[in-house]
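Here's query30.cif, which has mmCIF, C-alpha atoms, pLDDT in the B column; chains and numbers go by the auth columns:
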```cif
data_structure
#
loop_
_atom_site.group_PDB
_atom_site.id
_atom_site.type_symbol
_atom_site.label_atom_id
_atom_site.label_comp_id
_atom_site.label_asym_id
_atom_site.label_seq_id
_atom_site.Cartn_x
_atom_site.Cartn_y
_atom_site.Cartn_z
_atom_site.B_iso_or_equiv
_atom_site.auth_seq_id
_atom_site.auth_asym_id
ATOM 1 C CA MET A 1 -102.907 346.733 92.467 91.00 1 A
ATOM 2 C CA ILE A 2 -102.009 345.733 88.944 96.00 2 A
ATOM 3 C CA GLU A 3 -98.815 345.531 86.928 97.00 3 A
ATOM 4 C CA SER A 4 -98.658 348.688 84.820 97.00 4 A
ATOM 5 C CA LYS A 5 -97.521 346.702 81.796 97.00 5 A
ATOM 6 C CA THR A 6 -100.589 344.471 82.081 97.00 6 A
ATOM 7 C CA LEU A 7 -102.966 347.408 82.456 98.00 7 A
ATOM 8 C CA LEU A 8 -101.527 349.486 79.618 98.00 8 A
ATOM 9 C CA ASN A 9 -101.364 346.490 77.295 98.00 9 A
ATOM 10 C CA LYS A 10 -105.065 345.807 77.874 98.00 10 A
ATOM 11 C CA LEU A 11 -105.931 349.428 77.125 98.00 11 A
ATOM 12 C CA ALA A 12 -103.651 349.427 74.080 97.00 12 A
ATOM 13 C CA LYS A 13 -105.476 346.424 72.633 98.00 13 A
ATOM 14 C CA LYS A 14 -108.846 348.080 73.156 98.00 14 A
ATOM 15 C CA PHE A 15 -107.834 351.577 72.054 98.00 15 A
ATOM 16 C CA PRO A 16 -104.756 351.111 69.840 96.00 16 A
ATOM 17 C CA LYS A 17 -102.756 354.127 68.714 94.00 17 A
ATOM 18 C CA ARG A 18 -103.234 353.090 65.087 93.00 18 A
ATOM 19 C CA ILE A 19 -106.908 354.117 65.172 94.00 19 A
ATOM 20 C CA ALA A 20 -106.134 357.613 66.476 94.00 20 A
ATOM 21 C CA LYS A 21 -106.374 360.495 64.011 87.00 21 A
ATOM 22 C CA SER A 22 -102.723 360.332 63.018 75.00 22 A
ATOM 23 C CA TYR A 23 -102.647 363.633 61.165 71.00 23 A
ATOM 24 C CA HIS A 24 -103.195 365.716 64.284 74.00 24 A
ATOM 25 C CA ASP A 25 -103.506 363.605 67.395 88.00 25 A
ATOM 26 C CA TYR A 26 -101.135 362.810 70.217 91.00 26 A
ATOM 27 C CA VAL A 27 -101.932 359.883 72.496 95.00 27 A
ATOM 28 C CA GLY A 28 -100.150 357.686 74.999 96.00 28 A
ATOM 29 C CA LEU A 29 -97.557 358.681 77.594 96.00 29 A
ATOM 30 C CA MET A 30 -97.412 362.472 77.804 96.00 30 A
ATOM 31 C CA THR A 31 -94.868 362.896 80.578 95.00 31 A
ATOM 32 C CA GLY A 32 -93.241 361.069 83.472 94.00 32 A
ATOM 33 C CA LYS A 33 -92.275 357.443 83.955 95.00 33 A
ATOM 34 C CA VAL A 34 -94.892 354.760 84.519 97.00 34 A
ATOM 35 C CA PRO A 35 -94.353 352.860 87.797 97.00 35 A
ATOM 36 C CA GLN A 36 -94.068 349.102 87.848 97.00 36 A
ATOM 37 C CA LYS A 37 -97.381 348.705 89.650 98.00 37 A
ATOM 38 C CA ILE A 38 -100.516 350.835 89.686 98.00 38 A
ATOM 39 C CA ASN A 39 -103.187 351.080 92.349 98.00 39 A
ATOM 40 C CA LYS A 40 -104.540 354.638 92.420 98.00 40 A
ATOM 41 C CA ILE A 41 -105.642 356.216 89.132 98.00 41 A
ATOM 42 C CA LEU A 42 -106.908 359.765 88.632 98.00 42 A
ATOM 43 C CA LEU A 43 -109.247 360.244 85.668 98.00 43 A
ATOM 44 C CA CYS A 44 -109.925 363.634 84.097 98.00 44 A
ATOM 45 C CA LEU A 45 -111.037 365.204 80.854 98.00 45 A
ATOM 46 C CA ASP A 46 -108.101 367.646 80.831 98.00 46 A
ATOM 47 C CA CYS A 47 -104.956 367.696 82.932 98.00 47 A
ATOM 48 C CA ASP A 48 -104.435 371.408 83.616 98.00 48 A
ATOM 49 C CA TRP A 49 -103.603 373.889 86.366 98.00 49 A
ATOM 50 C CA GLU A 50 -107.051 373.607 87.956 98.00 50 A
ATOM 51 C CA LEU A 51 -106.424 369.904 88.471 98.00 51 A
ATOM 52 C CA LEU A 52 -103.130 370.435 90.315 98.00 52 A
ATOM 53 C CA PRO A 53 -104.595 370.788 93.863 98.00 53 A
ATOM 54 C CA TYR A 54 -106.406 367.471 93.402 98.00 54 A
ATOM 55 C CA ILE A 55 -103.218 365.805 92.154 98.00 55 A
ATOM 56 C CA LYS A 56 -101.364 366.988 95.265 97.00 56 A
ATOM 57 C CA GLU A 57 -104.147 365.734 97.528 97.00 57 A
ATOM 58 C CA ILE A 58 -104.826 362.374 95.859 97.00 58 A
ATOM 59 C CA LYS A 59 -101.233 361.479 94.913 97.00 59 A
ATOM 60 C CA PRO A 60 -102.218 359.012 92.166 98.00 60 A
ATOM 61 C CA ASP A 61 -99.855 356.464 90.662 98.00 61 A
ATOM 62 C CA ILE A 62 -100.932 357.641 87.211 98.00 62 A
ATOM 63 C CA ILE A 63 -103.191 360.283 85.663 98.00 63 A
ATOM 64 C CA ILE A 64 -105.293 359.226 82.690 98.00 64 A
ATOM 65 C CA SER A 65 -106.774 362.115 80.712 98.00 65 A
ATOM 66 C CA HIS A 66 -108.919 362.156 77.619 98.00 66 A
ATOM 67 C CA HIS A 67 -107.490 365.211 75.909 97.00 67 A
ATOM 68 C CA PRO A 68 -103.725 365.093 75.378 96.00 68 A
ATOM 69 C CA PHE A 69 -101.829 366.785 78.184 96.00 69 A
ATOM 70 C CA ILE A 70 -99.207 367.922 75.663 95.00 70 A
ATOM 71 C CA TYR A 71 -100.927 368.491 72.324 91.00 71 A
ATOM 72 C CA GLY A 72 -97.933 368.228 70.023 89.00 72 A
ATOM 73 C CA THR A 73 -94.217 367.669 70.461 89.00 73 A
ATOM 74 C CA ARG A 74 -92.788 368.868 73.761 90.00 74 A
ATOM 75 C CA ALA A 75 -90.292 371.176 72.059 92.00 75 A
ATOM 76 C CA LYS A 76 -92.943 372.877 69.921 92.00 76 A
ATOM 77 C CA VAL A 77 -95.565 373.182 72.656 93.00 77 A
ATOM 78 C CA PHE A 78 -93.143 374.433 75.305 93.00 78 A
ATOM 79 C CA LYS A 79 -91.641 376.990 72.932 94.00 79 A
ATOM 80 C CA PHE A 80 -94.961 378.820 72.675 94.00 80 A
ATOM 81 C CA ASP A 81 -96.627 377.832 75.965 95.00 81 A
ATOM 82 C CA SER A 82 -94.513 378.530 79.028 96.00 82 A
ATOM 83 C CA SER A 83 -97.460 377.802 81.326 97.00 83 A
ATOM 84 C CA LYS A 84 -97.800 374.258 79.965 96.00 84 A
ATOM 85 C CA LYS A 85 -94.048 373.773 80.355 97.00 85 A
ATOM 86 C CA GLU A 86 -94.189 374.908 83.967 97.00 86 A
ATOM 87 C CA LEU A 87 -97.138 372.622 84.751 97.00 87 A
ATOM 88 C CA CYS A 88 -95.407 369.660 83.114 97.00 88 A
ATOM 89 C CA GLU A 89 -92.235 370.287 85.110 96.00 89 A
ATOM 90 C CA THR A 90 -94.299 370.564 88.308 97.00 90 A
ATOM 91 C CA ILE A 91 -95.999 367.224 87.705 97.00 91 A
ATOM 92 C CA ASP A 92 -92.708 365.616 86.669 95.00 92 A
ATOM 93 C CA LYS A 93 -91.186 366.618 90.018 96.00 93 A
ATOM 94 C CA MET A 94 -94.056 364.833 91.739 96.00 94 A
ATOM 95 C CA GLY A 95 -93.142 361.649 89.876 96.00 95 A
ATOM 96 C CA ILE A 96 -96.635 361.155 88.431 97.00 96 A
ATOM 97 C CA PRO A 97 -97.013 360.072 84.783 98.00 97 A
ATOM 98 C CA VAL A 98 -99.804 361.413 82.577 98.00 98 A
ATOM 99 C CA TYR A 99 -101.289 359.089 79.956 98.00 99 A
ATOM 100 C CA SER A 100 -103.861 360.276 77.406 98.00 100 A
ATOM 101 C CA TYR A 101 -106.437 358.420 75.290 98.00 101 A
ATOM 102 C CA HIS A 102 -107.963 360.790 72.768 97.00 102 A
ATOM 103 C CA THR A 103 -109.249 359.922 69.289 96.00 103 A
ATOM 104 C CA ASN A 104 -108.268 356.284 69.769 97.00 104 A
ATOM 105 C CA PHE A 105 -110.772 356.276 72.647 98.00 105 A
ATOM 106 C CA ASP A 106 -113.305 358.193 70.525 97.00 106 A
ATOM 107 C CA ALA A 107 -113.087 355.653 67.706 97.00 107 A
ATOM 108 C CA GLY A 108 -112.642 352.460 69.722 97.00 108 A
ATOM 109 C CA ASP A 109 -115.387 349.973 70.479 97.00 109 A
ATOM 110 C CA GLY A 110 -116.864 350.764 73.869 98.00 110 A
ATOM 111 C CA GLY A 111 -115.233 354.187 73.861 98.00 111 A
ATOM 112 C CA MET A 112 -116.505 357.749 73.647 98.00 112 A
ATOM 113 C CA ASN A 113 -119.009 357.627 70.823 98.00 113 A
ATOM 114 C CA ASP A 114 -120.440 354.273 71.832 98.00 114 A
ATOM 115 C CA ALA A 115 -120.911 355.645 75.354 98.00 115 A
ATOM 116 C CA LEU A 116 -122.645 358.779 74.060 98.00 116 A
ATOM 117 C CA SER A 117 -124.884 356.706 71.782 98.00 117 A
ATOM 118 C CA ASN A 118 -125.825 354.354 74.592 98.00 118 A
ATOM 119 C CA ALA A 119 -126.620 357.284 76.872 98.00 119 A
ATOM 120 C CA LEU A 120 -129.122 358.508 74.269 98.00 120 A
ATOM 121 C CA GLY A 121 -130.661 355.042 74.180 98.00 121 A
ATOM 122 C CA LEU A 122 -129.922 354.568 70.490 98.00 122 A
ATOM 123 C CA LEU A 123 -130.666 351.190 68.930 98.00 123 A
ATOM 124 C CA ASN A 124 -128.925 349.327 66.092 98.00 124 A
ATOM 125 C CA ILE A 125 -125.747 351.375 66.537 98.00 125 A
ATOM 126 C CA ARG A 126 -123.325 351.223 63.627 98.00 126 A
ATOM 127 C CA LYS A 127 -120.288 352.956 62.138 97.00 127 A
ATOM 128 C CA PRO A 128 -120.151 354.403 58.627 96.00 128 A
ATOM 129 C CA GLU A 129 -117.702 352.516 56.457 91.00 129 A
ATOM 130 C CA ASN A 130 -115.227 355.373 56.139 85.00 130 A
ATOM 131 C CA GLU A 131 -115.466 357.050 59.549 91.00 131 A
ATOM 132 C CA MET A 132 -114.447 355.061 62.621 94.00 132 A
ATOM 133 C CA MET A 133 -115.447 357.812 65.033 97.00 133 A
ATOM 134 C CA MET A 134 -119.055 358.399 64.020 98.00 134 A
ATOM 135 C CA ARG A 135 -121.873 356.326 65.448 98.00 135 A
ATOM 136 C CA ILE A 136 -125.343 356.108 63.935 98.00 136 A
ATOM 137 C CA GLY A 137 -128.368 354.695 65.708 98.00 137 A
ATOM 138 C CA GLU A 138 -132.126 354.888 65.987 98.00 138 A
ATOM 139 C CA LEU A 139 -134.295 356.338 68.712 98.00 139 A
ATOM 140 C CA PRO A 140 -136.863 353.938 70.154 98.00 140 A
ATOM 141 C CA ASN A 141 -139.516 356.539 69.320 98.00 141 A
ATOM 142 C CA GLU A 142 -139.522 359.500 66.957 98.00 142 A
ATOM 143 C CA MET A 143 -139.316 363.015 68.399 98.00 143 A
ATOM 144 C CA ASP A 144 -139.611 366.428 66.860 98.00 144 A
ATOM 145 C CA ALA A 145 -136.286 368.255 66.589 98.00 145 A
ATOM 146 C CA ILE A 146 -136.779 370.617 69.533 98.00 146 A
ATOM 147 C CA THR A 147 -137.983 367.832 71.831 98.00 147 A
ATOM 148 C CA PHE A 148 -134.968 365.752 70.847 98.00 148 A
ATOM 149 C CA ALA A 149 -132.563 368.657 71.432 98.00 149 A
ATOM 150 C CA ASN A 150 -133.932 369.123 74.953 98.00 150 A
ATOM 151 C CA PHE A 151 -133.761 365.380 75.574 98.00 151 A
ATOM 152 C CA ALA A 152 -130.102 365.280 74.488 98.00 152 A
ATOM 153 C CA ARG A 153 -129.235 368.331 76.584 98.00 153 A
ATOM 154 C CA LYS A 154 -130.761 366.766 79.704 98.00 154 A
ATOM 155 C CA THR A 155 -129.185 363.396 78.953 98.00 155 A
ATOM 156 C CA PHE A 156 -125.704 364.911 78.822 98.00 156 A
ATOM 157 C CA ASN A 157 -126.402 367.279 81.716 97.00 157 A
ATOM 158 C CA VAL A 158 -125.446 370.520 79.991 97.00 158 A
ATOM 159 C CA ASP A 159 -127.097 373.917 80.323 94.00 159 A
ATOM 160 C CA TYR A 160 -127.348 374.731 76.650 96.00 160 A
ATOM 161 C CA SER A 161 -127.000 373.488 73.088 97.00 161 A
ATOM 162 C CA LEU A 162 -127.376 375.093 69.653 97.00 162 A
ATOM 163 C CA LEU A 163 -129.966 373.658 67.289 98.00 163 A
ATOM 164 C CA ILE A 164 -130.230 374.145 63.543 98.00 164 A
ATOM 165 C CA ASN A 165 -133.584 372.601 62.611 98.00 165 A
ATOM 166 C CA LYS A 166 -133.896 373.162 58.893 98.00 166 A
ATOM 167 C CA GLY A 167 -134.258 369.497 57.960 98.00 167 A
ATOM 168 C CA LYS A 168 -136.762 366.769 58.733 97.00 168 A
ATOM 169 C CA LYS A 169 -139.379 367.645 61.320 97.00 169 A
ATOM 170 C CA GLN A 170 -139.287 364.253 63.018 98.00 170 A
ATOM 171 C CA ILE A 171 -136.087 362.667 64.338 98.00 171 A
ATOM 172 C CA LYS A 172 -135.547 358.918 64.256 98.00 172 A
ATOM 173 C CA THR A 173 -131.985 358.244 63.042 98.00 173 A
ATOM 174 C CA VAL A 174 -129.193 360.064 64.873 98.00 174 A
ATOM 175 C CA GLY A 175 -125.513 360.475 64.041 98.00 175 A
ATOM 176 C CA ILE A 176 -122.985 361.569 66.649 98.00 176 A
ATOM 177 C CA ILE A 177 -119.327 362.390 67.153 98.00 177 A
ATOM 178 C CA GLY A 178 -118.498 363.857 70.548 98.00 178 A
ATOM 179 C CA GLY A 179 -116.254 366.908 70.596 96.00 179 A
ATOM 180 C CA ALA A 180 -115.203 368.751 67.459 95.00 180 A
ATOM 181 C CA GLY A 181 -116.697 366.714 64.615 96.00 181 A
ATOM 182 C CA SER A 182 -118.997 369.295 63.063 97.00 182 A
ATOM 183 C CA ARG A 183 -117.365 369.097 59.626 96.00 183 A
ATOM 184 C CA ASP A 184 -118.570 365.503 59.204 97.00 184 A
ATOM 185 C CA TRP A 185 -122.219 366.563 58.940 98.00 185 A
ATOM 186 C CA ARG A 186 -122.352 365.757 55.216 98.00 186 A
ATOM 187 C CA LEU A 187 -121.421 362.137 55.929 98.00 187 A
ATOM 188 C CA ALA A 188 -124.136 361.908 58.583 98.00 188 A
ATOM 189 C CA LYS A 189 -126.690 363.247 56.093 98.00 189 A
ATOM 190 C CA LYS A 190 -125.469 360.844 53.396 97.00 190 A
ATOM 191 C CA GLU A 191 -125.832 357.961 55.860 98.00 191 A
ATOM 192 C CA GLY A 192 -129.492 358.828 56.388 98.00 192 A
ATOM 193 C CA CYS A 193 -129.297 360.573 59.765 98.00 193 A
ATOM 194 C CA ASP A 194 -132.221 362.866 60.499 98.00 194 A
ATOM 195 C CA ILE A 195 -129.960 364.911 62.780 98.00 195 A
ATOM 196 C CA TYR A 196 -126.252 365.035 63.509 98.00 196 A
ATOM 197 C CA ILE A 197 -124.761 365.840 66.929 98.00 197 A
ATOM 198 C CA SER A 198 -121.275 367.186 67.467 98.00 198 A
ATOM 199 C CA GLY A 199 -119.647 370.382 68.707 98.00 199 A
ATOM 200 C CA ASP A 200 -117.361 373.353 68.116 97.00 200 A
ATOM 201 C CA ALA A 201 -119.053 374.223 64.815 98.00 201 A
ATOM 202 C CA PRO A 202 -117.610 377.426 63.271 97.00 202 A
ATOM 203 C CA HIS A 203 -119.904 379.941 61.621 98.00 203 A
ATOM 204 C CA TYR A 204 -119.283 378.802 58.049 98.00 204 A
ATOM 205 C CA VAL A 205 -120.115 375.181 58.928 98.00 205 A
ATOM 206 C CA ARG A 206 -123.382 376.272 60.521 98.00 206 A
ATOM 207 C CA ARG A 207 -124.227 378.286 57.417 98.00 207 A
ATOM 208 C CA ASP A 208 -123.495 375.309 55.150 98.00 208 A
ATOM 209 C CA ILE A 209 -125.762 373.102 57.247 98.00 209 A
ATOM 210 C CA SER A 210 -128.533 375.683 57.251 98.00 210 A
ATOM 211 C CA ASN A 211 -128.334 376.251 53.492 98.00 211 A
ATOM 212 C CA ASP A 212 -128.444 372.496 52.913 98.00 212 A
ATOM 213 C CA LYS A 213 -131.688 372.235 54.907 98.00 213 A
ATOM 214 C CA TYR A 214 -130.337 369.826 57.483 98.00 214 A
ATOM 215 C CA ASN A 215 -130.626 369.342 61.262 98.00 215 A
ATOM 216 C CA TYR A 216 -127.584 369.808 63.459 98.00 216 A
ATOM 217 C CA LEU A 217 -127.256 369.898 67.236 98.00 217 A
ATOM 218 C CA ASP A 218 -124.101 371.614 68.469 98.00 218 A
ATOM 219 C CA MET A 219 -123.347 370.472 72.012 98.00 219 A
ATOM 220 C CA PRO A 220 -120.601 371.650 74.372 98.00 220 A
ATOM 221 C CA HIS A 221 -117.323 369.786 74.101 97.00 221 A
ATOM 222 C CA GLU A 222 -117.767 368.968 77.795 97.00 222 A
ATOM 223 C CA ILE A 223 -120.253 366.179 77.017 98.00 223 A
ATOM 224 C CA GLU A 224 -117.055 364.172 76.597 98.00 224 A
ATOM 225 C CA LYS A 225 -116.926 363.959 80.397 98.00 225 A
ATOM 226 C CA ILE A 226 -118.582 360.605 79.823 98.00 226 A
ATOM 227 C CA PHE A 227 -114.988 359.454 79.226 98.00 227 A
ATOM 228 C CA MET A 228 -114.414 359.275 82.956 98.00 228 A
ATOM 229 C CA PRO A 229 -117.187 356.902 84.125 98.00 229 A
ATOM 230 C CA THR A 230 -116.703 354.853 80.965 98.00 230 A
ATOM 231 C CA MET A 231 -112.970 354.467 81.576 98.00 231 A
ATOM 232 C CA LYS A 232 -113.507 353.796 85.293 98.00 232 A
ATOM 233 C CA LYS A 233 -115.876 350.933 84.551 98.00 233 A
ATOM 234 C CA LEU A 234 -113.362 349.468 82.115 98.00 234 A
ATOM 235 C CA LEU A 235 -110.435 349.778 84.536 98.00 235 A
ATOM 236 C CA LEU A 236 -112.383 348.072 87.315 98.00 236 A
ATOM 237 C CA SER A 237 -113.218 345.226 84.950 98.00 237 A
ATOM 238 C CA TYR A 238 -109.465 344.624 84.737 98.00 238 A
ATOM 239 C CA ASP A 239 -108.985 344.765 88.516 98.00 239 A
ATOM 240 C CA LYS A 240 -111.924 345.451 90.823 97.00 240 A
ATOM 241 C CA ASN A 241 -109.569 346.505 93.620 98.00 241 A
ATOM 242 C CA LEU A 242 -108.112 349.488 91.783 98.00 242 A
ATOM 243 C CA ASP A 243 -108.668 352.870 93.429 98.00 243 A
ATOM 244 C CA VAL A 244 -110.049 354.947 90.549 98.00 244 A
ATOM 245 C CA VAL A 245 -110.791 358.595 91.327 98.00 245 A
ATOM 246 C CA ILE A 246 -112.790 360.819 88.957 98.00 246 A
ATOM 247 C CA ILE A 247 -112.153 364.554 89.074 98.00 247 A
ATOM 248 C CA ASP A 248 -114.716 366.600 87.154 97.00 248 A
ATOM 249 C CA HIS A 249 -113.301 370.081 87.637 97.00 249 A
ATOM 250 C CA GLU A 250 -114.449 371.742 84.413 96.00 250 A
ATOM 251 C CA GLN A 251 -117.387 374.127 84.312 94.00 251 A
ATOM 252 C CA LEU A 252 -119.386 375.248 81.282 94.00 252 A
ATOM 253 C CA PRO A 253 -119.212 378.937 80.373 93.00 253 A
ATOM 254 C CA LYS A 254 -122.081 380.990 81.751 93.00 254 A
ATOM 255 C CA VAL A 255 -124.919 381.731 79.368 91.00 255 A
ATOM 256 C CA ILE A 256 -125.619 385.472 79.371 93.00 256 A
ATOM 257 C CA GLN A 257 -129.118 386.340 78.106 87.00 257 A
#
```
Please go through the file and, once you have read it, give me the structure as structure tokens.
Amino acid sequence: MIESKTLLNKLAKKFPKRIAKSYHDYVGLMTGKVPQKINKILLCLDCDWELLPYIKEIKPDIIISHHPFIYGTRAKVFKFDSSKKELCETIDKMGIPVYSYHTNFDAGDGGMNDALSNALGLLNIRKPENEMMMRIGELPNEMDAITFANFARKTFNVDYSLLINKGKKQIKTVGIIGGAGSRDWRLAKKEGCDIYISGDAPHYVRRDISNDKYNYLDMPHEIEKIFMPTMKKLLLSYDKNLDVVIIDHEQLPKVIQ
């Protein structure tokens, strides 16, 4: 068991709100009141209705999600999303707070994009000067684009990915932003990346990449599930006796061929 103030202060120093994408992000306490002491923590990518049965069973002292539970101000979100309002009220009645670490976790040292880079085995990992979220590193050995795409897909344990291989035939330097960072592909190319990995690329972005003769690997947003084991390891480094429960309840859409 750990004092909640101690735990949250440690996390705030590592993933401060000031490094979150301030123009659109919402991080920190989403709902509820944090108890004085914390022992049982539930980790998830998204706190949603499908998580509710696990919340009732586990009865955590706090829920820590990656994506914001309430993405915006309560008044604005609840006005247009009655389901979210109902879920929030349900969790409030259970007395369980929800705390979210989103782009501050993505950008922070030892957070999302470092974890993804390390999983790929990248070497000499660095950040571009003007983009705290992106990580750039080198593969130990070059691969052709298709071999690399299959390697990345297996590494992140997803059933599919979308490859645009119009650039260099051999891949050595890789840029990555987990989630929805497709629009930063030009920066990755400028920084010398042979391929850029992100997700949620709209059609026009894919066309721009293709016309610019570049390599891009669009991966499901769910590769961000690496948040949970990464956060668990960090929490246990603060107090090895914490009861940290990971719930991975999200499934990829089915591929219909």
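Distance-wise, atom CA of A:Lys33 and atom CA of A:Gly179 end up 29.0 Å apart.
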Cut-off 10 Å around (-124.6, 347.9, 64.7) with only C-alpha atoms: residues as an MDAnalysis selection string: chainID A and resid 123:128 135:137
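Separating atom CA of A:Gly175 from atom CA of A:Ile209 is a distance of 14.3 Å.
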Close residues, stretch 224-239 of chain A itself excluded, 7 Å, only C-alpha atoms, min 4 positions apart in chain, as a PyMOL selection string: chain A and resi 43-45+66+112+178-179+244+246
Selection under test: the PyMOL selection byres ((chain A and resi 97) around 7); residues as JSON, numbers by chain: {"A": [31, 32, 33, 34, 62, 63, 95, 96, 98, 99]}
Close residues, stretch 14-29 of chain A itself excluded, 7 Å, all atoms listed in the file, min 4 positions apart in chain, as a VMD selection string: chain A and resid 10 68 71 to 72 98 to 105 107 to 108
Could you please take those selected residues and save C-alpha atoms as a CSV table (one decimal), keeping the file's coordinate frame?
```csv
chain,number,residue,atom,x,y,z
A,10,LYS,CA,-105.1,345.8,77.9
A,68,PRO,CA,-103.7,365.1,75.4
A,71,TYR,CA,-100.9,368.5,72.3
A,72,GLY,CA,-97.9,368.2,70.0
A,98,VAL,CA,-99.8,361.4,82.6
A,99,TYR,CA,-101.3,359.1,80.0
A,100,SER,CA,-103.9,360.3,77.4
A,101,TYR,CA,-106.4,358.4,75.3
A,102,HIS,CA,-108.0,360.8,72.8
A,103,THR,CA,-109.2,359.9,69.3
A,104,ASN,CA,-108.3,356.3,69.8
A,105,PHE,CA,-110.8,356.3,72.6
A,107,ALA,CA,-113.1,355.7,67.7
A,108,GLY,CA,-112.6,352.5,69.7
```
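Between atom CA of A:Ile197 and atom CA of A:Met143 the interatomic distance comes to 14.9 Å.
Distance annotation: of A:Val245, A:Lys172, A:Ala12, A:Lys166, the residue with the minimal separation from A:Asn215 is A:Lys166; atom set is only C-alpha atoms.
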